[in-house]
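Engineer: Pasting a structure here, questions to come.
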Amino acid sequence: MSTYLAIDIGGTQIRAATFNNECTEPIRHQRAKTHAPDGTIFDRLCATVEDVWPEHGGVVAIGVACPGPLDPKSGIILDTPNIPQWDNFPLVDKLKERFKVPIYLNNDASLACLGEWRFGAGKGHEDVLYLTISTGIGGGVVSENRLIQGHHGLATELGHVTVAPGGPMCGCGQRGHLEAFASGPSIVRYVKLQMAGGVQSTLKPEPSLSAKQVSEAAAAGDILAISAFSRAGKYLGIAVASFLHAFNPSIIIFGGGVSQSGPLLFEPFKKSLEKHIIHPMYLKDLEIATAELGDNAGLLGALALAQIS
């Protein structure tokens, strides 16, 4: 029986697990803190992998999900904001040297898409568009059963498409990106700016104000909170219309905490999408679904990458 090892590297924790064939229940599963006073991040990563390594050996391949930007073809982490020690870090070569098996690396959002396509809400679809809407907005695309990567493996940064030139500043330093309108922090930022301008709200402009609190206020009828989600849904619809024109998927899968706000976001999203689409055929038989893999999306995407590479 073939054994695969999957790794999900995040800003706060590292996860590693071993799996048999296409079973999504791990044989062994281990977590470690990404940042800790003892040793380096790479040392903790290797120790976590060793903790789940099967006693009999026989690992066929390792898949690794990591925040980008990264180059999956060279195996180099280019610039991961939450792990500044890994700028231009040759992760794949270092892991190959240590574990002597084939190793495959890709962006965590792209692998979440791959995981949903293979094991989750996208099963049975050949053309999948995946968007996670949370602290940032990430995404991935499977087209004709292949993950789109691009020349340097940098494709499908869907949160960084421009939906309003000259619009609000995005966390990446550019203006008018989708992420600057529809991510959790951007929704909160909009609410605070409106309150600072005198707009009334049941919310308080506290530093700890969260998108979840804005969502709860909107559900209770707060006009400003409702408008913040309407604005986010409008620009999400503009962006997704362009994604449909580019990729023509049969399913759109939404993940991330902001997507759990339900109709507050998705009713204005659907109206905007219908307004900006160039032909109704793009919406024919289009399924809109919620991600099924939750926190395991990156790990199971890494498993899928190891299995199909």
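Within each chain, counting starts at residue 1; across the structure tokens, chains are named A, B, ... in the order shown, with ligands numbered 1 upward in that order.
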Quick one: residues within 8 Å of A:Leu158, only C-alpha atoms, excluding same-chain residues fewer than 6 positions away - as a PyMOL selection string?

Structural biologist: chain A and resi 131+137-140+178

Engineer: Write a file of the selected residues as a compact mmCIF listing (two decimals), in the first residue's frame, keeping N, CA and C atoms.

Structural biologist:
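Output below, filename out_23.txt:
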# COMPACT_ATOMS: atom_id res chain seq x y z
N LEU A 131 -12.11 30.22 -4.34
CA LEU A 131 -11.75 31.49 -3.70
C LEU A 131 -11.88 31.34 -2.19
N ILE A 137 -7.43 37.38 0.33
CA ILE A 137 -8.21 36.61 -0.64
C ILE A 137 -7.24 35.85 -1.53
N GLY A 138 -7.38 34.55 -1.50
CA GLY A 138 -6.55 33.69 -2.34
C GLY A 138 -7.43 32.85 -3.24
N GLY A 139 -6.81 32.16 -4.17
CA GLY A 139 -7.61 31.34 -5.05
C GLY A 139 -6.80 30.37 -5.86
N GLY A 140 -7.50 29.56 -6.59
CA GLY A 140 -6.87 28.60 -7.48
C GLY A 140 -7.86 28.19 -8.55
N LEU A 178 -9.16 43.33 -5.55
CA LEU A 178 -10.32 42.70 -4.92
C LEU A 178 -10.12 42.56 -3.42

Engineer: Stretch 6-11 of chain A: which residues within 10 Å, counting only C-alpha atoms, same-chain residues fewer than 4 positions away excluded, as an NGL selection string?

Structural biologist: :A and (15-19 or 26 or 29-35 or 41 or 45 or 48-49 or 52 or 61-67 or 80-83 or 103-105 or 108 or 111 or 296-307)

Engineer: As a list in words, please: the residues near A:Gly233 (cut-off 10 Å, only C-alpha atoms, same-chain neighbours under 5 positions excluded).

Structural biologist: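 Answer for this query is Phe181, Ala182, Ser227, Ala228, Ile238, Ala239, Pro263, Leu264, Leu265, Phe266, Glu267, Pro268, Phe269, Lys270, Lys271, Ser272 and Leu273 of chain A.
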
Engineer: Got a sec: who's within 10 Å of A:Val191, counting only C-alpha atoms, leaving out chain neighbours fewer than 6 positions off, as a list in words?

Structural biologist: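 Everything that qualifies: Pro185, Gly197, Val199, Ser201, Leu203, Lys204, Pro205, Leu209, Ala211, Val214, Leu224, Ala225, Ile226, Ser227, Ala228 and Phe229 of chain A.
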
Engineer: Interatomic distance between atom CA of A:His160 and atom CA of A:His177?

Structural biologist: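 Straight-line distance from atom CA of A:His160 to atom CA of A:His177 works out to 5.0 Å.
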
Engineer: Out of A:Pro69, A:Gly159, A:Gly58, A:Pro84, which residue has the shortest atom-to-atom distance to A:Val240 when counting only C-alpha atoms?

Structural biologist: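 Of all the options, A:Gly159 lies closest to A:Val240.
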
Engineer: What does the structure give for the distance between atom CA of A:Val142 and atom CA of A:Leu293, in Å to one decimal?

Structural biologist: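 It comes out at 16.5 Å.
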
Engineer: Step one, run DSSP on the backbone; step two, keep only residues of stretch 49-150 of chain A assigned to alpha helix (DSSP H); then write them as a PyMOL selection string.

Structural biologist: chain A and resi 49-52+91-99+108-119

Engineer: With N, CA, C and O atoms retained, export the selected residues as an mmCIF file, in the first residue's frame.

Structural biologist:
data_model
loop_
_atom_site.group_PDB
_atom_site.id
_atom_site.type_symbol
_atom_site.label_atom_id
_atom_site.label_comp_id
_atom_site.auth_asym_id
_atom_site.auth_seq_id
_atom_site.Cartn_x
_atom_site.Cartn_y
_atom_site.Cartn_z
ATOM 1 N N VAL A 49 7.966 16.255 10.397
ATOM 2 C CA VAL A 49 7.904 15.204 9.373
ATOM 3 C C VAL A 49 8.401 13.879 9.945
ATOM 4 O O VAL A 49 7.784 12.822 9.730
ATOM 5 N N GLU A 50 9.495 13.924 10.675
ATOM 6 C CA GLU A 50 10.043 12.690 11.270
ATOM 7 C C GLU A 50 9.066 12.057 12.259
ATOM 8 O O GLU A 50 9.008 10.829 12.394
ATOM 9 N N ASP A 51 8.271 12.891 12.941
ATOM 10 C CA ASP A 51 7.292 12.372 13.897
ATOM 11 C C ASP A 51 6.220 11.527 13.235
ATOM 12 O O ASP A 51 5.631 10.646 13.870
ATOM 13 N N VAL A 52 5.919 11.814 11.952
ATOM 14 C CA VAL A 52 4.857 11.060 11.276
ATOM 15 C C VAL A 52 5.413 10.060 10.263
ATOM 16 O O VAL A 52 4.647 9.330 9.631
ATOM 17 N N LEU A 91 13.386 25.464 -0.400
ATOM 18 C CA LEU A 91 12.766 24.496 0.498
ATOM 19 C C LEU A 91 12.794 23.074 -0.048
ATOM 20 O O LEU A 91 13.124 22.125 0.666
ATOM 21 N N VAL A 92 12.444 22.907 -1.324
ATOM 22 C CA VAL A 92 12.371 21.553 -1.886
ATOM 23 C C VAL A 92 13.734 20.880 -1.880
ATOM 24 O O VAL A 92 13.862 19.706 -1.483
ATOM 25 N N ASP A 93 14.766 21.584 -2.293
ATOM 26 C CA ASP A 93 16.108 20.986 -2.307
ATOM 27 C C ASP A 93 16.545 20.575 -0.909
ATOM 28 O O ASP A 93 17.147 19.498 -0.726
ATOM 29 N N LYS A 94 16.245 21.400 0.070
ATOM 30 C CA LYS A 94 16.639 21.079 1.443
ATOM 31 C C LYS A 94 15.878 19.871 1.978
ATOM 32 O O LYS A 94 16.439 19.010 2.668
ATOM 33 N N LEU A 95 14.592 19.781 1.643
ATOM 34 C CA LEU A 95 13.818 18.633 2.090
ATOM 35 C C LEU A 95 14.239 17.356 1.361
ATOM 36 O O LEU A 95 14.295 16.273 1.968
ATOM 37 N N LYS A 96 14.550 17.466 0.065
ATOM 38 C CA LYS A 96 15.033 16.294 -0.676
ATOM 39 C C LYS A 96 16.332 15.768 -0.085
ATOM 40 O O LYS A 96 16.545 14.550 0.029
ATOM 41 N N GLU A 97 17.214 16.684 0.270
ATOM 42 C CA GLU A 97 18.493 16.295 0.860
ATOM 43 C C GLU A 97 18.286 15.545 2.163
ATOM 44 O O GLU A 97 19.012 14.599 2.478
ATOM 45 N N ARG A 98 17.250 15.938 2.900
ATOM 46 C CA ARG A 98 16.994 15.333 4.206
ATOM 47 C C ARG A 98 16.235 14.007 4.094
ATOM 48 O O ARG A 98 16.549 13.047 4.799
ATOM 49 N N PHE A 99 15.237 13.937 3.196
ATOM 50 C CA PHE A 99 14.328 12.786 3.218
ATOM 51 C C PHE A 99 14.432 11.864 2.003
ATOM 52 O O PHE A 99 13.823 10.786 1.993
ATOM 53 N N ASP A 108 -0.441 27.603 -0.997
ATOM 54 C CA ASP A 108 -1.485 27.009 -0.162
ATOM 55 C C ASP A 108 -2.890 27.213 -0.730
ATOM 56 O O ASP A 108 -3.737 26.319 -0.660
ATOM 57 N N ALA A 109 -3.159 28.393 -1.331
ATOM 58 C CA ALA A 109 -4.488 28.623 -1.900
ATOM 59 C C ALA A 109 -4.718 27.744 -3.131
ATOM 60 O O ALA A 109 -5.803 27.187 -3.311
ATOM 61 N N SER A 110 -3.694 27.600 -3.978
ATOM 62 C CA SER A 110 -3.817 26.721 -5.139
ATOM 63 C C SER A 110 -4.041 25.275 -4.700
ATOM 64 O O SER A 110 -4.840 24.542 -5.306
ATOM 65 N N LEU A 111 -3.368 24.878 -3.637
ATOM 66 C CA LEU A 111 -3.527 23.496 -3.166
ATOM 67 C C LEU A 111 -4.858 23.293 -2.460
ATOM 68 O O LEU A 111 -5.410 22.186 -2.486
ATOM 69 N N ALA A 112 -5.389 24.332 -1.822
ATOM 70 C CA ALA A 112 -6.747 24.220 -1.276
ATOM 71 C C ALA A 112 -7.731 23.962 -2.407
ATOM 72 O O ALA A 112 -8.660 23.156 -2.277
ATOM 73 N N CYS A 113 -7.527 24.635 -3.533
ATOM 74 C CA CYS A 113 -8.345 24.383 -4.726
ATOM 75 C C CYS A 113 -8.187 22.940 -5.186
ATOM 76 O O CYS A 113 -9.176 22.248 -5.465
ATOM 77 N N LEU A 114 -6.947 22.476 -5.257
ATOM 78 C CA LEU A 114 -6.686 21.104 -5.704
ATOM 79 C C LEU A 114 -7.330 20.096 -4.754
ATOM 80 O O LEU A 114 -7.897 19.090 -5.190
ATOM 81 N N GLY A 115 -7.248 20.368 -3.451
ATOM 82 C CA GLY A 115 -7.865 19.484 -2.472
ATOM 83 C C GLY A 115 -9.378 19.428 -2.609
ATOM 84 O O GLY A 115 -9.986 18.351 -2.559
ATOM 85 N N GLU A 116 -10.008 20.593 -2.801
ATOM 86 C CA GLU A 116 -11.466 20.621 -2.973
ATOM 87 C C GLU A 116 -11.875 19.913 -4.259
ATOM 88 O O GLU A 116 -12.916 19.253 -4.310
ATOM 89 N N TRP A 117 -11.057 20.049 -5.311
ATOM 90 C CA TRP A 117 -11.350 19.364 -6.578
ATOM 91 C C TRP A 117 -11.262 17.853 -6.422
ATOM 92 O O TRP A 117 -12.116 17.110 -6.917
ATOM 93 N N ARG A 118 -10.254 17.376 -5.714
ATOM 94 C CA ARG A 118 -10.022 15.929 -5.623
ATOM 95 C C ARG A 118 -10.847 15.263 -4.522
ATOM 96 O O ARG A 118 -11.325 14.129 -4.694
ATOM 97 N N PHE A 119 -11.039 15.962 -3.388
ATOM 98 C CA PHE A 119 -11.649 15.311 -2.227
ATOM 99 C C PHE A 119 -12.904 16.014 -1.699
ATOM 100 O O PHE A 119 -13.606 15.439 -0.877
#

Engineer: Give me, as a ChimeraX atom specification, all polymer residues having an atom no more than 12 Å from A:His125, counting only C-alpha atoms and skipping those fewer than 2 positions away in the same chain.

Structural biologist: /A:113-114,116-123,127-129,141-146,249-253,285-287

Engineer: Could those residues be written to a file, using C-alpha atoms, as a PDB file, in the first residue's frame?

Structural biologist:
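As a result, result.pdb now contains:
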ATOM      1  CA  CYS A 113      -8.345  24.383  -4.726  1.00  0.00           C
ATOM      2  CA  LEU A 114      -6.686  21.104  -5.704  1.00  0.00           C
ATOM      3  CA  GLU A 116     -11.466  20.621  -2.973  1.00  0.00           C
ATOM      4  CA  TRP A 117     -11.350  19.364  -6.578  1.00  0.00           C
ATOM      5  CA  ARG A 118     -10.022  15.929  -5.623  1.00  0.00           C
ATOM      6  CA  PHE A 119     -11.649  15.311  -2.227  1.00  0.00           C
ATOM      7  CA  GLY A 120     -14.202  18.041  -1.487  1.00  0.00           C
ATOM      8  CA  ALA A 121     -16.916  20.204  -3.032  1.00  0.00           C
ATOM      9  CA  GLY A 122     -15.339  20.038  -6.507  1.00  0.00           C
ATOM     10  CA  LYS A 123     -15.360  16.240  -6.881  1.00  0.00           C
ATOM     11  CA  ASP A 127     -13.198  22.977 -14.264  1.00  0.00           C
ATOM     12  CA  VAL A 128     -13.096  24.496 -10.784  1.00  0.00           C
ATOM     13  CA  LEU A 129     -12.687  28.056  -9.506  1.00  0.00           C
ATOM     14  CA  VAL A 141      -8.175  27.202 -10.748  1.00  0.00           C
ATOM     15  CA  VAL A 142      -8.391  23.639 -12.030  1.00  0.00           C
ATOM     16  CA  SER A 143      -9.002  23.586 -15.784  1.00  0.00           C
ATOM     17  CA  GLU A 144      -9.692  20.295 -17.565  1.00  0.00           C
ATOM     18  CA  ASN A 145      -8.479  18.443 -14.460  1.00  0.00           C
ATOM     19  CA  ARG A 146      -5.163  20.307 -14.310  1.00  0.00           C
ATOM     20  CA  PRO A 249     -15.623  26.887 -14.605  1.00  0.00           C
ATOM     21  CA  SER A 250     -18.563  24.608 -13.873  1.00  0.00           C
ATOM     22  CA  ILE A 251     -18.315  25.318 -10.125  1.00  0.00           C
ATOM     23  CA  ILE A 252     -17.182  28.166  -7.902  1.00  0.00           C
ATOM     24  CA  ILE A 253     -16.155  27.092  -4.404  1.00  0.00           C
ATOM     25  CA  ASP A 285     -25.368  25.098 -14.950  1.00  0.00           C
ATOM     26  CA  LEU A 286     -22.812  27.021 -12.853  1.00  0.00           C
ATOM     27  CA  GLU A 287     -22.718  25.602  -9.335  1.00  0.00           C
TER      28      GLU A 287
END

Engineer: From a backbone DSSP assignment, name each residue in stretch 142-247 of chain A labelled strand (DSSP E or B), as a list in words.

Structural biologist: Val142, Ser143, Arg146, Leu147, Thr162, Met169, Arg175 and His177 of chain A

Engineer: Quick check, in Å to one decimal: how far apart do atom CA of A:Asn21 and atom CA of A:Gly124 lie?

Structural biologist: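 About the pair atom CA of A:Asn21 and atom CA of A:Gly124: they are 18.6 Å apart.
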
Engineer: Between A:Thr3, A:Thr132, A:Gly153, A:Ala217, which residue has the minimum interatomic distance to A:Ser74, considering only C-alpha atoms?

Structural biologist: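 Nearest candidate to A:Ser74 out of A:Thr3, A:Thr132, A:Gly153, A:Ala217: A:Gly153.
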
Engineer: Using only C-alpha atoms, which of the listed residues (A:Ile14, A:Leu147, A:Leu193, A:Cys46) sits closest to A:Pro168?

Structural biologist: A:Leu193

Engineer: List as a PyMOL selection string the protein and nucleic acid residues near A:Leu154, meaning an atom at most 10 Å away when only C-alpha atoms are counted, but skip any in the same chain fewer than 5 places from it.

Structural biologist: chain A and resi 68-72+106-107+110+148-149

Engineer: Could those selected residues go to a file with N, CA, C and O atoms, as an mmCIF file, in the first residue's frame?

Structural biologist:
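The resulting selection.cif:
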data_model
loop_
_atom_site.group_PDB
_atom_site.id
_atom_site.type_symbol
_atom_site.label_atom_id
_atom_site.label_comp_id
_atom_site.auth_asym_id
_atom_site.auth_seq_id
_atom_site.Cartn_x
_atom_site.Cartn_y
_atom_site.Cartn_z
ATOM 1 N N GLY A 68 2.539 31.867 -0.441
ATOM 2 C CA GLY A 68 3.447 32.419 -1.445
ATOM 3 C C GLY A 68 3.801 33.851 -1.149
ATOM 4 O O GLY A 68 3.494 34.355 -0.068
ATOM 5 N N PRO A 69 4.428 34.484 -2.139
ATOM 6 C CA PRO A 69 4.795 33.959 -3.451
ATOM 7 C C PRO A 69 5.892 32.892 -3.378
ATOM 8 O O PRO A 69 6.799 32.988 -2.538
ATOM 9 N N LEU A 70 5.772 31.910 -4.251
ATOM 10 C CA LEU A 70 6.769 30.851 -4.344
ATOM 11 C C LEU A 70 6.816 30.340 -5.773
ATOM 12 O O LEU A 70 5.907 30.586 -6.563
ATOM 13 N N ASP A 71 7.889 29.636 -6.090
ATOM 14 C CA ASP A 71 8.054 29.066 -7.426
ATOM 15 C C ASP A 71 7.995 27.546 -7.300
ATOM 16 O O ASP A 71 8.976 26.919 -6.886
ATOM 17 N N PRO A 72 6.862 26.934 -7.643
ATOM 18 C CA PRO A 72 6.754 25.480 -7.493
ATOM 19 C C PRO A 72 7.680 24.702 -8.419
ATOM 20 O O PRO A 72 7.995 23.540 -8.144
ATOM 21 N N ASN A 106 3.654 23.791 -3.626
ATOM 22 C CA ASN A 106 2.800 24.765 -4.297
ATOM 23 C C ASN A 106 2.164 25.698 -3.267
ATOM 24 O O ASN A 106 2.202 25.436 -2.055
ATOM 25 N N ASN A 107 1.622 26.780 -3.794
ATOM 26 C CA ASN A 107 0.936 27.787 -2.999
ATOM 27 C C ASN A 107 -0.241 27.179 -2.241
ATOM 28 O O ASN A 107 -0.982 26.354 -2.776
ATOM 29 N N SER A 110 -3.694 27.600 -3.978
ATOM 30 C CA SER A 110 -3.817 26.721 -5.139
ATOM 31 C C SER A 110 -4.041 25.275 -4.700
ATOM 32 O O SER A 110 -4.840 24.542 -5.306
ATOM 33 N N ILE A 148 -3.927 25.123 -12.812
ATOM 34 C CA ILE A 148 -3.250 26.174 -13.562
ATOM 35 C C ILE A 148 -2.149 26.776 -12.691
ATOM 36 O O ILE A 148 -2.385 27.174 -11.553
ATOM 37 N N GLN A 149 -0.924 26.845 -13.235
ATOM 38 C CA GLN A 149 0.207 27.364 -12.473
ATOM 39 C C GLN A 149 0.891 28.552 -13.145
ATOM 40 O O GLN A 149 1.395 29.439 -12.467
#

Engineer: Kindly indicate which residue among A:Ala36, A:Val258, A:Ile187, A:Ala196 lies nearest to A:Ser134, using only C-alpha atoms for the distances.

Structural biologist: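 So, comparing all the options, the nearest one is A:Val258.
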
Engineer: Counting only C-alpha atoms, which of A:Ser242, A:Ser215, A:Asn248, A:Ser259 gets nearest to A:Ile277?

Structural biologist: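 Under the stated criterion, the closest residue is A:Ser242.
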